[in-house]
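Structure data follow from coords_35.cif (mmCIF, C-alpha atoms and all ligand atoms):
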```cif
data_query
loop_
_atom_site.label_atom_id
_atom_site.label_comp_id
_atom_site.auth_asym_id
_atom_site.auth_seq_id
_atom_site.Cartn_x
_atom_site.Cartn_y
_atom_site.Cartn_z
CA MET A 8 -11.49 2.10 -8.80
CA SER A 9 -12.64 -1.34 -7.65
CA GLU A 10 -11.68 -2.75 -11.05
CA LEU A 11 -8.18 -1.29 -10.74
CA ILE A 12 -7.82 -2.63 -7.20
CA ARG A 13 -8.88 -6.11 -8.34
CA ARG A 14 -6.58 -6.00 -11.38
CA ARG A 15 -3.41 -4.68 -9.70
CA ARG A 16 -0.66 -7.09 -8.78
CA SER A 17 3.00 -6.56 -8.06
CA VAL A 18 4.95 -6.58 -11.32
CA ARG A 19 8.61 -7.55 -11.02
CA THR A 20 9.32 -8.58 -14.62
CA PHE A 21 9.12 -5.78 -17.19
CA ASP A 22 9.47 -5.91 -20.98
CA GLY A 23 12.46 -3.55 -21.18
CA THR A 24 10.62 -0.69 -22.94
CA PRO A 25 11.77 2.63 -21.41
CA LEU A 26 9.01 4.51 -19.59
CA ARG A 27 7.43 6.87 -22.13
CA GLU A 28 7.91 10.52 -21.31
CA GLU A 29 4.19 11.26 -21.40
CA ASP A 30 3.51 8.41 -18.96
CA ALA A 31 6.25 9.64 -16.61
CA ASP A 32 4.87 13.18 -16.77
CA ARG A 33 1.32 12.07 -16.03
CA ILE A 34 2.37 9.97 -13.05
CA MET A 35 4.58 12.68 -11.56
CA GLU A 36 1.88 15.30 -12.06
CA PHE A 37 -0.67 13.05 -10.39
CA ALA A 38 1.74 12.29 -7.52
CA SER A 39 2.35 15.97 -6.84
CA LYS A 40 -1.39 16.51 -6.31
CA VAL A 41 -2.37 13.56 -4.08
CA GLU A 42 -3.30 14.65 -0.58
CA ASN A 43 -3.37 12.44 2.51
CA PRO A 44 -5.63 12.52 5.60
CA PHE A 45 -2.70 13.47 7.83
CA ASP A 46 -1.69 16.46 5.67
CA ILE A 47 1.92 15.33 5.69
CA PRO A 48 3.85 16.60 2.66
CA ILE A 49 5.68 13.96 0.61
CA GLU A 50 8.27 14.76 -2.05
CA TRP A 51 8.19 12.42 -5.07
CA LYS A 52 11.01 11.89 -7.55
CA LEU A 53 11.43 9.87 -10.71
CA LEU A 54 14.76 8.05 -10.60
CA ASP A 55 16.79 6.41 -13.34
CA ARG A 56 18.44 3.05 -12.75
CA GLU A 57 21.60 3.81 -14.72
CA LYS A 58 22.07 7.47 -13.94
CA ASP A 59 21.34 7.07 -10.23
CA GLN A 60 23.14 3.69 -10.01
CA LEU A 61 20.13 1.90 -8.53
CA SER A 62 19.47 -1.78 -8.22
CA SER A 63 16.86 -4.15 -6.91
CA PRO A 64 17.52 -7.90 -7.04
CA VAL A 65 13.85 -8.69 -7.72
CA ILE A 66 13.17 -6.31 -10.61
CA THR A 67 14.12 -6.97 -14.24
CA GLY A 68 13.48 -4.93 -17.39
CA ALA A 69 12.60 -1.57 -15.78
CA ASP A 70 14.85 1.49 -15.79
CA SER A 71 12.58 3.97 -14.02
CA PHE A 72 11.64 4.09 -10.36
CA ILE A 73 9.46 6.38 -8.31
CA ALA A 74 10.38 7.11 -4.70
CA GLY A 75 9.06 9.44 -2.02
CA LYS A 76 10.52 10.98 1.10
CA MET A 77 9.06 12.87 4.03
CA GLN A 78 9.80 14.14 7.52
CA ARG A 79 10.32 11.37 10.06
CA ILE A 80 7.25 12.19 12.17
CA PRO A 81 4.35 10.25 13.72
CA ARG A 82 1.85 9.03 11.09
CA ALA A 83 4.42 9.38 8.29
CA GLU A 84 4.03 5.69 7.40
CA GLU A 85 0.23 5.73 7.13
CA ALA A 86 0.36 8.94 5.09
CA PHE A 87 2.94 7.38 2.77
CA GLY A 88 0.95 4.17 2.35
CA TYR A 89 -2.25 6.03 1.56
CA THR A 90 -0.61 8.36 -0.95
CA PHE A 91 1.66 5.87 -2.72
CA GLU A 92 -1.22 3.43 -3.21
CA LYS A 93 -3.18 6.14 -5.04
CA ILE A 94 -0.17 6.63 -7.31
CA VAL A 95 0.15 2.86 -7.81
CA LEU A 96 -3.52 2.63 -8.85
CA PHE A 97 -3.15 5.61 -11.17
CA ALA A 98 -0.15 3.88 -12.82
CA GLU A 99 -2.27 0.72 -13.13
CA SER A 100 -4.94 2.74 -14.96
CA LEU A 101 -2.26 3.68 -17.53
CA GLY A 102 -1.17 0.04 -17.97
CA ILE A 103 2.04 0.65 -16.03
CA GLY A 104 3.28 -2.01 -13.63
CA THR A 105 4.52 -1.30 -10.11
CA THR A 106 5.81 -3.15 -7.05
CA TRP A 107 5.97 -1.70 -3.58
CA ILE A 108 9.58 -2.26 -2.44
CA ALA A 109 10.64 -1.62 1.15
CA GLY A 110 13.34 -4.23 1.51
CA THR A 111 14.69 -5.79 -1.68
CA MET A 112 16.68 -2.85 -3.03
CA ASP A 113 20.05 -1.16 -2.64
CA ARG A 114 18.56 1.20 -0.07
CA LYS A 115 21.70 3.30 0.29
CA ALA A 116 21.76 4.07 -3.43
CA PHE A 117 18.06 4.99 -3.49
CA GLU A 118 18.37 7.19 -0.40
CA HIS A 119 21.40 8.90 -1.89
CA ALA A 120 19.51 9.57 -5.13
CA MET A 121 16.62 10.97 -3.11
CA GLY A 122 18.90 13.14 -0.94
CA VAL A 123 17.35 11.73 2.26
CA SER A 124 18.56 13.70 5.32
CA ASP A 125 18.72 12.49 8.93
CA ASN A 126 15.27 13.75 9.85
CA GLU A 127 13.67 12.29 6.72
CA VAL A 128 12.51 8.82 5.73
CA MET A 129 12.08 7.14 2.32
CA PRO A 130 9.98 4.08 3.19
CA CYS A 131 9.41 2.52 -0.23
CA VAL A 132 10.13 2.79 -3.93
CA SER A 133 8.53 1.21 -6.99
CA PRO A 134 9.68 0.43 -10.50
CA LEU A 135 7.57 1.93 -13.28
CA GLY A 136 7.38 0.11 -16.60
CA TYR A 137 5.44 -2.13 -18.93
CA PRO A 138 4.78 -5.66 -17.65
CA ALA A 139 6.47 -8.50 -19.56
CA VAL A 140 4.17 -11.17 -20.93
CA LYS A 141 5.87 -13.86 -18.83
CA MET A 142 7.05 -13.59 -15.23
CA SER A 143 10.66 -14.47 -14.43
CA LEU A 144 11.20 -17.69 -12.52
CA ARG A 145 12.34 -15.64 -9.52
CA GLU A 146 9.10 -13.64 -9.57
CA THR A 147 6.99 -16.80 -9.82
CA LEU A 148 8.85 -18.30 -6.85
CA MET A 149 8.58 -15.09 -4.83
CA ARG A 150 4.82 -15.01 -5.36
CA LYS A 151 4.53 -18.62 -4.23
CA GLY A 152 6.71 -17.88 -1.17
CA VAL A 153 4.35 -15.21 0.19
CA LYS A 154 1.14 -16.74 -1.27
CA ALA A 155 0.72 -13.49 -3.19
CA ASP A 156 -2.42 -14.69 -4.97
CA SER A 157 -4.41 -15.34 -1.84
CA ARG A 158 -5.79 -13.25 0.99
CA PHE A 159 -7.24 -14.03 4.43
CA ASP A 160 -10.99 -14.66 4.61
CA PHE A 161 -13.35 -11.79 5.29
CA GLU A 162 -14.24 -13.23 8.72
CA LYS A 163 -10.63 -13.27 9.86
CA LEU A 164 -10.14 -9.57 9.12
CA PHE A 165 -13.45 -7.89 9.83
CA PHE A 166 -15.69 -7.76 12.90
CA ASP A 167 -19.23 -6.75 13.73
CA GLY A 168 -19.36 -4.33 16.68
CA THR A 169 -16.96 -6.34 18.81
CA PHE A 170 -13.85 -8.44 18.21
CA GLU A 171 -15.80 -11.49 19.40
CA LYS A 172 -18.14 -11.41 16.40
CA PRO A 173 -16.58 -11.97 12.95
CA LEU A 174 -18.31 -10.14 10.11
CA SER A 175 -19.27 -12.27 7.13
CA GLU A 176 -19.43 -10.91 3.60
CA GLN A 177 -23.17 -11.68 3.51
CA ASN A 178 -23.80 -9.54 6.61
CA ALA A 179 -21.60 -6.61 5.58
CA GLY A 180 -24.38 -4.78 3.71
CA ASP A 181 -23.20 -1.45 2.26
CA TYR A 182 -19.71 -2.15 3.57
CA LYS A 183 -19.19 -5.30 1.54
CA LEU A 184 -17.35 -3.63 -1.36
CA PRO A 185 -15.22 -1.18 0.68
CA LEU A 186 -14.12 -4.00 3.01
CA GLU A 187 -13.42 -6.31 0.07
CA MET A 188 -11.19 -3.56 -1.33
CA VAL A 189 -9.23 -3.52 1.95
CA ARG A 190 -8.93 -7.31 1.86
CA LEU A 191 -7.41 -7.28 -1.64
CA GLY A 192 -4.73 -4.71 -0.83
CA PRO A 193 -1.00 -5.33 -1.13
CA SER A 194 1.03 -5.59 2.07
CA ALA A 195 4.64 -6.27 3.01
CA THR A 196 5.24 -10.03 2.64
CA ASN A 197 1.46 -10.28 2.17
CA SER A 198 1.03 -10.17 5.97
CA GLN A 199 -2.37 -8.33 5.76
CA PRO A 200 -2.14 -6.66 9.19
CA TRP A 201 -5.45 -4.80 8.85
CA ARG A 202 -8.35 -5.59 11.18
CA ILE A 203 -11.59 -3.60 11.06
CA VAL A 204 -14.54 -3.33 13.43
CA LEU A 205 -17.81 -2.11 11.96
CA CYS A 206 -19.89 -0.19 14.52
CA GLU A 207 -23.15 1.11 13.02
CA ASP A 208 -22.07 3.92 10.68
CA GLN A 209 -18.38 3.82 11.55
CA ILE A 210 -15.44 1.58 10.89
CA HIS A 211 -12.37 1.44 13.10
CA LEU A 212 -9.04 0.29 11.70
CA TYR A 213 -6.51 -1.63 13.79
CA GLU A 214 -3.05 -2.93 13.05
CA LYS A 215 -2.16 -6.50 13.96
CA HIS A 216 1.61 -6.61 14.27
CA SER A 217 3.34 -9.63 12.80
CA ARG A 218 6.31 -10.95 14.71
CA GLY A 219 9.66 -9.71 13.46
CA TYR A 220 8.34 -6.37 12.22
CA GLY A 221 8.52 -2.95 13.78
CA SER A 222 12.09 -3.07 15.06
CA ASN A 223 13.08 -0.51 12.41
CA ALA A 224 12.99 3.22 13.02
CA TRP A 225 9.70 3.02 11.14
CA ASP A 226 6.94 0.41 10.97
CA VAL A 227 6.41 -1.09 7.52
CA GLN A 228 3.05 -2.50 8.59
CA LYS A 229 1.78 1.02 9.24
CA ILE A 230 2.36 1.57 5.52
CA ASP A 231 0.04 -1.37 4.90
CA MET A 232 -2.49 0.39 7.16
CA GLY A 233 -2.28 3.49 4.95
CA ILE A 234 -3.02 1.26 1.96
CA ALA A 235 -6.06 -0.15 3.79
CA MET A 236 -7.31 3.39 4.49
CA CYS A 237 -6.91 4.29 0.82
CA HIS A 238 -8.75 1.18 -0.39
CA PHE A 239 -11.59 1.55 2.12
CA GLU A 240 -12.16 5.17 1.17
CA LEU A 241 -12.08 4.50 -2.59
CA GLY A 242 -14.49 1.57 -2.20
CA ALA A 243 -16.85 3.53 0.04
CA VAL A 244 -16.97 6.50 -2.34
CA GLU A 245 -17.66 4.11 -5.23
CA CYS A 246 -20.67 2.78 -3.28
CA GLY A 247 -22.05 6.28 -2.78
CA LEU A 248 -21.02 6.47 0.90
CA HIS A 249 -19.42 9.61 2.33
CA PRO A 250 -16.56 8.43 4.52
CA VAL A 251 -15.15 11.08 6.85
CA PHE A 252 -11.74 10.34 8.29
CA HIS A 253 -11.07 10.84 11.98
CA VAL A 254 -8.80 9.56 14.74
CA GLU A 255 -10.42 8.84 18.10
CA ASP A 256 -9.81 5.51 19.78
CA PRO A 257 -13.21 3.89 20.41
CA CYS A 258 -11.60 1.64 23.09
CA ILE A 259 -13.34 -1.50 21.85
CA PRO A 260 -12.77 -4.39 24.28
CA GLY A 261 -10.78 -7.32 22.95
CA ALA A 262 -8.32 -5.14 21.03
CA GLU A 263 -5.36 -6.47 23.06
CA GLY A 264 -2.38 -7.00 20.81
CA LEU A 265 -3.80 -4.63 18.20
CA THR A 266 -2.97 -0.96 17.66
CA TYR A 267 -5.79 1.46 16.90
CA ILE A 268 -4.98 3.48 13.77
CA ALA A 269 -7.98 5.51 12.55
CA SER A 270 -11.71 5.53 11.80
CA PHE A 271 -14.12 6.52 9.05
CA LEU A 272 -17.58 7.85 9.88
CA MET A 273 -20.19 7.66 7.10
CA GLU A 274 -22.05 10.94 6.85
C1 LIG B 301 4.82 -1.83 2.27
C2 LIG B 301 5.16 -2.92 1.31
C3 LIG B 301 6.48 -3.33 1.16
C4 LIG B 301 6.82 -4.32 0.23
N1 LIG B 301 8.15 -4.64 0.06
C5 LIG B 301 8.49 -5.53 -0.92
C6 LIG B 301 9.86 -5.79 -1.20
O1 LIG B 301 10.78 -5.27 -0.56
N2 LIG B 301 10.16 -6.64 -2.22
C7 LIG B 301 9.19 -7.25 -2.98
O2 LIG B 301 9.52 -7.98 -3.90
N3 LIG B 301 7.86 -7.01 -2.72
C8 LIG B 301 7.50 -6.18 -1.74
N4 LIG B 301 6.17 -5.91 -1.49
C9 LIG B 301 5.13 -6.55 -2.31
C10 LIG B 301 4.34 -7.63 -1.55
O3 LIG B 301 5.13 -8.79 -1.41
C11 LIG B 301 3.04 -7.91 -2.33
O4 LIG B 301 2.25 -6.75 -2.36
C12 LIG B 301 2.22 -9.05 -1.71
O5 LIG B 301 2.95 -10.24 -1.77
C13 LIG B 301 0.88 -9.26 -2.44
O6 LIG B 301 1.09 -9.50 -3.82
P1 LIG B 301 0.44 -8.56 -4.90
O7 LIG B 301 0.99 -7.16 -4.70
O8 LIG B 301 0.86 -9.12 -6.24
O9 LIG B 301 -1.05 -8.57 -4.72
C14 LIG B 301 5.81 -4.94 -0.55
C15 LIG B 301 4.49 -4.53 -0.39
C16 LIG B 301 4.16 -3.54 0.51
C17 LIG B 301 2.75 -3.08 0.63
#
```
Reformat the file's structure so that it appears as structure tokens.
Amino acid sequence: MSELIRRRRSVRTFDGTPLREEDADRIMEFASKVENPFDIPIEWKLLDREKDQLSSPVITGADSFIAGKMQRIPRAEEAFGYTFEKIVLFAESLGIGTTWIAGTMDRKAFEHAMGVSDNEVMPCVSPLGYPAVKMSLRETLMRKGVKADSRFDFEKLFFDGTFEKPLSEQNAGDYKLPLEMVRLGPSATNSQPWRIVLCEDQIHLYEKHSRGYGSNAWDVQKIDMGIAMCHFELGAVECGLHPVFHVEDPCIPGAEGLTYIASFLME
């Protein structure tokens, strides 16, 4: 899993080959089985650009998209982020490119194709296809614009017991790989809102809101938090740890301006 997480990048330029039926079937079968820690059901659909009259100004050369919808309830975003990232990594394992898209799409057309009702939400979609050898100029510029190839330093994101004490990679011990997996995750406009405090055998995840987000009916950065949960868990399991998910605010001082999301206890 860590190899897939390191290898994945957003793919916006595809080679035009239609998604092979066996690949589509495998992805949709996988998607239907992924569970999330909040037990929130998500309905996944494979959509067709032409038939469903879809468009995204940033994607070229892909005709298939995957989208998911769910009830508009608390924790829907984190559940979606966690689940969709597992699907994204599965697609990566098949050599299929993806890009999380929350904004740059004809949202009305996608929601219509998904049959989204008033009490439902369809946070993101992704193209599914085979990456082109060369990125389009627009993709190259987009990546530069959000510094897509870089991430914040370990010490800026992770803390040792208290928010006053940054955690260095060298001092992270068994948690080095799982935390590195969180650090490498994709996030909306690469804002990396995840902050984590390591307290003995537990980690606590917090969301650091960026300005200008969260005015929607749903919070796109909570989707990023779901991705962080997914990456931490996959990394921890790979290291032989047994992370158990739970939600109980540890009330760590210094968390002003941050929102507590969830914790993992290593058993
Ligand atoms: C929740 C979420 C929403 C995103 N929305 C968009 C989008 O609307 N359009 C787009 O081109 N990329 C979008 N991205 C992709 C990010 O810009 C990208 O993940 C980030 O820049 C890091 O680059 P990488 O995925 O290549 O590692 C989104 C990513 C996430 C996680």
Test item: residues at most 6 Å from stretch 125-140 of chain A, all atoms listed in the file, excluding those fewer than 6 positions along its chain, as a PyMOL selection string
chain A and resi 20-22+26+69+71-79+103-109
Edge lengths and centre in Å, axis-aligned, ligand LIG 301 (chain B) plus 8 Å each side, as lines of an AutoDock Vina configuration file:
```
center_x = 4.9
center_y = -6.0
center_z = -2.0
size_x = 27.8
size_y = 24.4
size_z = 24.5
```
Contacts of stretch 66-134 of chain A with stretch 40-62 of chain A up to 9 Å, shortest pair per row, all atoms listed in the file, as a tab-separated table:
```
residue	atom	partner	partner_atom	distance
A:Ile66	CA	A:Ser62	CA	8.1
A:Ala69	CA	A:Arg56	CA	8.0
A:Asp70	CA	A:Arg56	CA	5.0
A:Ser71	CA	A:Asp55	CA	4.9
A:Phe72	CA	A:Leu54	CA	5.0
A:Ile73	CA	A:Leu53	CA	4.7
A:Ala74	CA	A:Lys52	CA	5.6
A:Gly75	CA	A:Trp51	CA	4.4
A:Lys76	CA	A:Glu50	CA	5.4
A:Met77	CA	A:Ile49	CA	4.9
A:Gln78	CA	A:Ile49	CA	8.0
A:Ile80	CA	A:Ile47	CA	9.0
A:Arg82	CA	A:Phe45	CA	7.1
A:Ala83	CA	A:Ile47	CA	7.0
A:Glu85	CA	A:Phe45	CA	8.3
A:Ala86	CA	A:Asn43	CA	5.7
A:Phe87	CA	A:Ile49	CA	7.4
A:Tyr89	CA	A:Asn43	CA	6.6
A:Thr90	CA	A:Asn43	CA	6.0
A:Phe91	CA	A:Val41	CA	8.8
A:Lys93	CA	A:Val41	CA	7.5
A:Ile94	CA	A:Val41	CA	8.0
A:Met112	CA	A:Ser62	CA	6.0
A:Asp113	CA	A:Ser62	CA	5.6
A:Arg114	CA	A:Leu61	CA	8.6
A:Ala116	CA	A:Leu61	CA	5.8
A:Phe117	CA	A:Leu61	CA	6.3
A:His119	CA	A:Asp59	CA	8.5
A:Ala120	CA	A:Asp59	CA	6.0
A:Met121	CA	A:Lys52	CA	7.2
```
Taking all atoms listed in the file into account, list the residues no farther than 8 Å from ligand LIG 301 (chain B), as number ranges by chain.
A: 15-19, 65-66, 88, 106-112, 130-131, 149-150, 153-156, 191-198, 227-228, 230-231, 234
Exercise: A:Phe166 partners within 10 Å, all atoms listed in the file, chain neighbours under 6 positions left out, as a PDB file with C-alpha atoms, in the coordinates of the input:
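Output contents, as saved in around31.pdb:
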```
ATOM      1  CA  LYS A 172     -18.140 -11.410  16.400  1.00  0.00           C
ATOM      2  CA  PRO A 173     -16.580 -11.970  12.950  1.00  0.00           C
ATOM      3  CA  LEU A 174     -18.310 -10.140  10.110  1.00  0.00           C
ATOM      4  CA  SER A 175     -19.270 -12.270   7.130  1.00  0.00           C
ATOM      5  CA  ALA A 179     -21.600  -6.610   5.580  1.00  0.00           C
ATOM      6  CA  ARG A 202      -8.350  -5.590  11.180  1.00  0.00           C
ATOM      7  CA  ILE A 203     -11.590  -3.600  11.060  1.00  0.00           C
ATOM      8  CA  VAL A 204     -14.540  -3.330  13.430  1.00  0.00           C
ATOM      9  CA  LEU A 205     -17.810  -2.110  11.960  1.00  0.00           C
ATOM     10  CA  CYS A 206     -19.890  -0.190  14.520  1.00  0.00           C
ATOM     11  CA  ILE A 210     -15.440   1.580  10.890  1.00  0.00           C
ATOM     12  CA  HIS A 211     -12.370   1.440  13.100  1.00  0.00           C
TER      13      HIS A 211
END
```
Tell me, in Å to one decimal, how far atom CA of A:Pro200 is from atom CA of A:Leu265.
9.4 Å
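Atom pair atom CA of A:Leu184 / atom CA of A:Gly242 has a distance of 6.0 Å (rounded to one decimal).
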Rank nothing, just name the residue among A:Ser100, A:Ser9, A:Thr266, A:Thr24 nearest to A:Met188, using only C-alpha atoms.
A:Ser9
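Our summary of the geometry notes that atom CA of A:Glu255 is positioned 6.9 Å from atom CA of A:Ala269.
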Long-range neighbours of A:Leu101 as a VMD selection string, 10 Å cut-off, all atoms listed in the file, 6 positions minimum in chain
chain A and resid 30 33 to 34 137
Polymer residues at most 10 Å from (1.9, -9.8, 17.4) by only C-alpha atoms, as an NGL selection string
:A and (200 or 214-220 or 263-265)
Output C-alpha atoms for every residue in that selection, as a PDB file, keeping the file's coordinate frame.
```
ATOM      1  CA  PRO A 200      -2.140  -6.660   9.190  1.00  0.00           C
ATOM      2  CA  GLU A 214      -3.050  -2.930  13.050  1.00  0.00           C
ATOM      3  CA  LYS A 215      -2.160  -6.500  13.960  1.00  0.00           C
ATOM      4  CA  HIS A 216       1.610  -6.610  14.270  1.00  0.00           C
ATOM      5  CA  SER A 217       3.340  -9.630  12.800  1.00  0.00           C
ATOM      6  CA  ARG A 218       6.310 -10.950  14.710  1.00  0.00           C
ATOM      7  CA  GLY A 219       9.660  -9.710  13.460  1.00  0.00           C
ATOM      8  CA  TYR A 220       8.340  -6.370  12.220  1.00  0.00           C
ATOM      9  CA  GLU A 263      -5.360  -6.470  23.060  1.00  0.00           C
ATOM     10  CA  GLY A 264      -2.380  -7.000  20.810  1.00  0.00           C
ATOM     11  CA  LEU A 265      -3.800  -4.630  18.200  1.00  0.00           C
TER      12      LEU A 265
END
```
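The shortest atom-to-atom distance to A:Gly180, with all atoms listed in the file taken into account, belongs to A:Cys246 out of A:Ala224, A:Cys246, A:Val123, A:Leu144.
Those residues that approach A:Pro185 to within 7 Å, counting only C-alpha atoms, are A:Tyr182, A:Lys183, A:Glu187, A:Met188, A:Val189, A:His238, A:Phe239, A:Gly242, A:Ala243; same-chain residues fewer than 2 positions away are not listed.
Between A:Phe170 and the residues A:Val95, A:Lys229, A:His253, A:Gly261, the shortest atom-to-atom distance, using all atoms listed in the file, involves A:Gly261.
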Rebuild stretch 244-269 of chain A so that it carries N, CA and C atoms, then output the result as a CSV table (one decimal), keeping the file's coordinate frame.
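rebuild.csv was written with the following content:
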```csv
chain,number,residue,atom,x,y,z
A,244,VAL,N,-16.5,5.4,-1.4
A,244,VAL,CA,-17.0,6.5,-2.3
A,244,VAL,C,-17.6,5.9,-3.6
A,245,GLU,N,-17.1,4.8,-4.1
A,245,GLU,CA,-17.7,4.1,-5.2
A,245,GLU,C,-19.1,3.6,-4.9
A,246,CYS,N,-19.3,3.3,-3.7
A,246,CYS,CA,-20.7,2.8,-3.3
A,246,CYS,C,-21.6,3.9,-2.9
A,247,GLY,N,-21.2,5.1,-3.1
A,247,GLY,CA,-22.0,6.3,-2.8
A,247,GLY,C,-22.1,6.7,-1.3
A,248,LEU,N,-21.1,6.1,-0.5
A,248,LEU,CA,-21.0,6.5,0.9
A,248,LEU,C,-20.2,7.7,1.0
A,249,HIS,N,-20.2,8.4,2.1
A,249,HIS,CA,-19.4,9.6,2.3
A,249,HIS,C,-18.5,9.4,3.6
A,250,PRO,N,-17.4,8.7,3.4
A,250,PRO,CA,-16.6,8.4,4.5
A,250,PRO,C,-15.8,9.7,5.0
A,251,VAL,N,-15.9,10.0,6.3
A,251,VAL,CA,-15.2,11.1,6.8
A,251,VAL,C,-14.1,10.5,7.8
A,252,PHE,N,-12.9,10.9,7.5
A,252,PHE,CA,-11.7,10.3,8.3
A,252,PHE,C,-11.6,11.0,9.7
A,253,HIS,N,-11.4,10.2,10.7
A,253,HIS,CA,-11.1,10.8,12.0
A,253,HIS,C,-10.3,9.9,12.9
A,254,VAL,N,-9.6,10.4,13.8
A,254,VAL,CA,-8.8,9.6,14.7
A,254,VAL,C,-9.3,9.8,16.2
A,255,GLU,N,-9.9,8.8,16.7
A,255,GLU,CA,-10.4,8.8,18.1
A,255,GLU,C,-10.7,7.4,18.6
A,256,ASP,N,-9.8,6.9,19.4
A,256,ASP,CA,-9.8,5.5,19.8
A,256,ASP,C,-11.1,5.2,20.4
A,257,PRO,N,-11.9,4.2,19.8
A,257,PRO,CA,-13.2,3.9,20.4
A,257,PRO,C,-13.1,2.9,21.6
A,258,CYS,N,-11.9,2.5,21.9
A,258,CYS,CA,-11.6,1.6,23.1
A,258,CYS,C,-12.5,0.4,23.1
A,259,ILE,N,-12.5,-0.3,22.0
A,259,ILE,CA,-13.3,-1.5,21.8
A,259,ILE,C,-12.7,-2.6,22.6
A,260,PRO,N,-13.4,-3.3,23.5
A,260,PRO,CA,-12.8,-4.4,24.3
A,260,PRO,C,-12.3,-5.5,23.3
A,261,GLY,N,-11.3,-6.2,23.8
A,261,GLY,CA,-10.8,-7.3,23.0
A,261,GLY,C,-9.7,-6.9,22.0
A,262,ALA,N,-9.3,-5.6,22.0
A,262,ALA,CA,-8.3,-5.1,21.0
A,262,ALA,C,-6.9,-5.4,21.5
A,263,GLU,N,-6.7,-6.2,22.5
A,263,GLU,CA,-5.4,-6.5,23.1
A,263,GLU,C,-4.5,-7.0,21.9
A,264,GLY,N,-3.3,-6.5,21.9
A,264,GLY,CA,-2.4,-7.0,20.8
A,264,GLY,C,-2.6,-6.3,19.5
A,265,LEU,N,-3.6,-5.4,19.4
A,265,LEU,CA,-3.8,-4.6,18.2
A,265,LEU,C,-3.5,-3.2,18.5
A,266,THR,N,-3.2,-2.4,17.5
A,266,THR,CA,-3.0,-1.0,17.7
A,266,THR,C,-4.1,-0.2,16.9
A,267,TYR,N,-4.8,0.6,17.6
A,267,TYR,CA,-5.8,1.5,16.9
A,267,TYR,C,-5.1,2.5,16.0
A,268,ILE,N,-5.6,2.6,14.8
A,268,ILE,CA,-5.0,3.5,13.8
A,268,ILE,C,-5.9,4.7,13.4
A,269,ALA,N,-7.1,4.4,13.0
A,269,ALA,CA,-8.0,5.5,12.6
A,269,ALA,C,-9.4,5.0,12.3
```
